[in-house]
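S.K.: Okay, so here is target.pdb, and as you'll see once you scroll down, it has PDB, C-alpha atoms.
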```pdb
ATOM      1  CA  MET I   1     -19.172 -22.845  42.169
ATOM      2  CA  SER I   2     -21.691 -20.761  40.249
ATOM      3  CA  ARG I   3     -21.733 -18.110  42.958
ATOM      4  CA  HIS I   4     -17.937 -17.874  42.871
ATOM      5  CA  ILE I   5     -17.927 -17.406  39.081
ATOM      6  CA  LYS I   6     -20.561 -14.663  39.327
ATOM      7  CA  THR I   7     -18.520 -12.851  41.965
ATOM      8  CA  VAL I   8     -15.376 -12.999  39.846
ATOM      9  CA  CYS I   9     -17.283 -11.739  36.790
ATOM     10  CA  ILE I  10     -18.756  -8.827  38.768
ATOM     11  CA  ILE I  11     -15.330  -7.861  40.113
ATOM     12  CA  LEU I  12     -13.759  -8.032  36.641
ATOM     13  CA  ALA I  13     -16.595  -5.993  35.134
ATOM     14  CA  ALA I  14     -16.213  -3.362  37.865
ATOM     15  CA  LEU I  15     -12.468  -3.132  37.249
ATOM     16  CA  ILE I  16     -13.033  -2.751  33.502
ATOM     17  CA  VAL I  17     -15.639  -0.011  34.032
ATOM     18  CA  VAL I  18     -13.380   1.889  36.442
ATOM     19  CA  GLY I  19     -10.401   1.527  34.091
ATOM     20  CA  LEU I  20     -12.372   2.808  31.118
ATOM     21  CA  GLY I  21     -13.651   5.721  33.208
ATOM     22  CA  MET I  22     -10.126   6.671  34.232
ATOM     23  CA  TRP I  23      -8.898   6.384  30.636
ATOM     24  CA  GLY I  24     -11.708   8.630  29.384
ATOM     25  CA  ALA I  25     -11.082  11.168  32.135
ATOM     26  CA  GLU I  26      -7.390  11.280  31.225
ATOM     27  CA  ILE I  27      -8.258  12.068  27.606
ATOM     28  CA  LEU I  28     -10.651  14.844  28.656
ATOM     29  CA  LEU I  29      -8.092  16.308  31.049
ATOM     30  CA  ASP I  30      -5.345  16.273  28.401
ATOM     31  CA  ASN I  31      -7.637  18.029  25.918
ATOM     32  CA  TYR I  32      -8.538  20.677  28.512
ATOM     33  CA  LYS I  33      -4.875  21.199  29.443
ATOM     34  CA  ASN I  34      -3.892  21.594  25.770
ATOM     35  CA  GLN I  35      -6.682  24.116  25.187
ATOM     36  CA  GLN I  36      -5.600  26.148  28.216
ATOM     37  CA  TRP I  37      -1.969  26.101  27.064
ATOM     38  CA  ASP I  38      -2.924  27.199  23.524
ATOM     39  CA  GLN I  39      -4.989  30.038  24.977
ATOM     40  CA  PHE I  40      -2.107  31.122  27.234
ATOM     41  CA  ILE I  41       0.366  31.121  24.317
ATOM     42  CA  GLU I  42      -1.973  33.287  22.283
ATOM     43  CA  GLN I  43      -2.654  35.775  25.084
ATOM     44  CA  ALA I  44       0.970  36.049  26.278
ATOM     45  CA  HIS I  45       2.388  36.294  22.737
ATOM     46  CA  CYS I  46       4.741  33.360  23.264
ATOM     47  CA  GLN I  47       7.389  32.362  20.754
ATOM     48  CA  VAL I  48       9.268  29.108  20.393
ATOM     49  CA  ILE I  49      12.930  29.800  21.096
ATOM     50  CA  GLY I  50      14.311  26.278  21.065
ATOM     51  CA  GLU I  51      13.988  22.649  21.968
ATOM     52  CA  LYS I  52      15.481  20.630  24.787
ATOM     53  CA  PRO I  53      16.246  17.055  23.731
ATOM     54  CA  LYS I  54      15.383  13.973  25.713
ATOM     55  CA  GLU I  55      18.134  13.441  28.297
ATOM     56  CA  GLY I  56      17.300  10.061  29.758
ATOM     57  CA  PHE I  57      14.796   7.258  30.030
ATOM     58  CA  PHE I  58      12.434   9.141  32.380
ATOM     59  CA  SER I  59      12.703  12.542  30.708
ATOM     60  CA  SER I  60      11.001  13.705  27.544
ATOM     61  CA  ALA I  61      11.856  16.218  24.836
ATOM     62  CA  GLN I  62      10.599  19.722  25.551
ATOM     63  CA  THR I  63       9.802  22.851  23.591
ATOM     64  CA  ILE I  64      11.083  26.111  25.087
ATOM     65  CA  TYR I  65       8.820  29.185  24.903
ATOM     66  CA  ARG I  66       9.569  32.831  25.704
ATOM     67  CA  CYS I  67       6.473  34.806  26.607
ATOM     68  CA  ASP I  68       5.982  38.574  26.998
ATOM     69  CA  ASN I  69       6.529  39.703  30.593
ATOM     70  CA  THR I  70       5.997  36.216  32.026
ATOM     71  CA  GLY I  71       9.290  34.433  31.421
ATOM     72  CA  ILE I  72      10.406  31.191  29.834
ATOM     73  CA  TYR I  73       8.336  28.005  29.827
ATOM     74  CA  TYR I  74       9.172  24.407  29.000
ATOM     75  CA  ARG I  75       6.498  22.106  27.594
ATOM     76  CA  LYS I  76       6.689  18.381  26.889
ATOM     77  CA  LYS I  77       6.334  17.410  23.260
TER      78      LYS I  77
END
```
Could you express the structure from this file as structure tokens?
M.R.:
Amino acid sequence: MSRHIKTVCIILAALIVVGLGMWGAEILLDNYKNQQWDQFIEQAHCQVIGEKPKEGFFSSAQTIYRCDNTGIYYRKK
């Protein structure tokens, strides 16, 4: 029985470590993505021209940007 408990504890610990690693990576990726977007807005001289409201359960509200010579972009709030 002791061996079985050790195996379960090792598996749970591994799942927790992997989950925490994925959570941390998601935070780092979101920060990087936000920095890249902020840099793009500054370089392309983007302006907020409106907002698109949430339309359903699986959609989210969006901000609409118009940028010089590159078009219109939608970004989740």
S.K.: Around (11.5, 36.2, 22.0), as given in the file, which residues come within 7 Å? Count all atoms listed in the file and list them as a ChimeraX atom specification.
M.R.: /I:47,49,66-67
S.K.: So the first atom is atom CA of Lys33 of chain I and the second is atom CA of Gly56 of chain I; what is the distance between them in Å, to one decimal place?
M.R.: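 Going from atom CA of Lys33 of chain I over to atom CA of Gly56 of chain I, I get 24.8 Å.
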S.K.: Record the distance separating atom CA of Gly19 of chain I and atom CA of Thr7 of chain I, expressed in Å with one decimal.
M.R.: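 Taking atom CA of Gly19 of chain I as the start and atom CA of Thr7 of chain I as the end point, the length is 18.3 Å.
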S.K.: On this structure, the PyMOL selection byres ((chain I and resi 68) around 10) would catch which residues? List them as a list in words, sorted by chain and number.
M.R.: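 For this structure, the PyMOL selection byres ((chain I and resi 68) around 10) resolves to Ile41, Gln43, Ala44, His45, Cys46, Gln47, Arg66, Cys67, Asn69, Thr70, Gly71 and Ile72 of chain I.
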S.K.: List the residues selected by the PyMOL selection byres ((chain I and resi 61-65) around 8) in the file shown, writing them as a ChimeraX atom specification.
M.R.: /I:46-55,59-60,66-67,72-77
S.K.: Please return the centre and edge lengths, in Å to one decimal, of a box with edges along x, y and z that contains all listed atoms of segment 5-18 of chain I, widened by 6 Å on every side, as JSON.
M.R.:
```
{"center_x": -16.5, "center_y": -7.8, "center_z": 37.7, "size_x": 20.1, "size_y": 31.3, "size_z": 20.5}
```
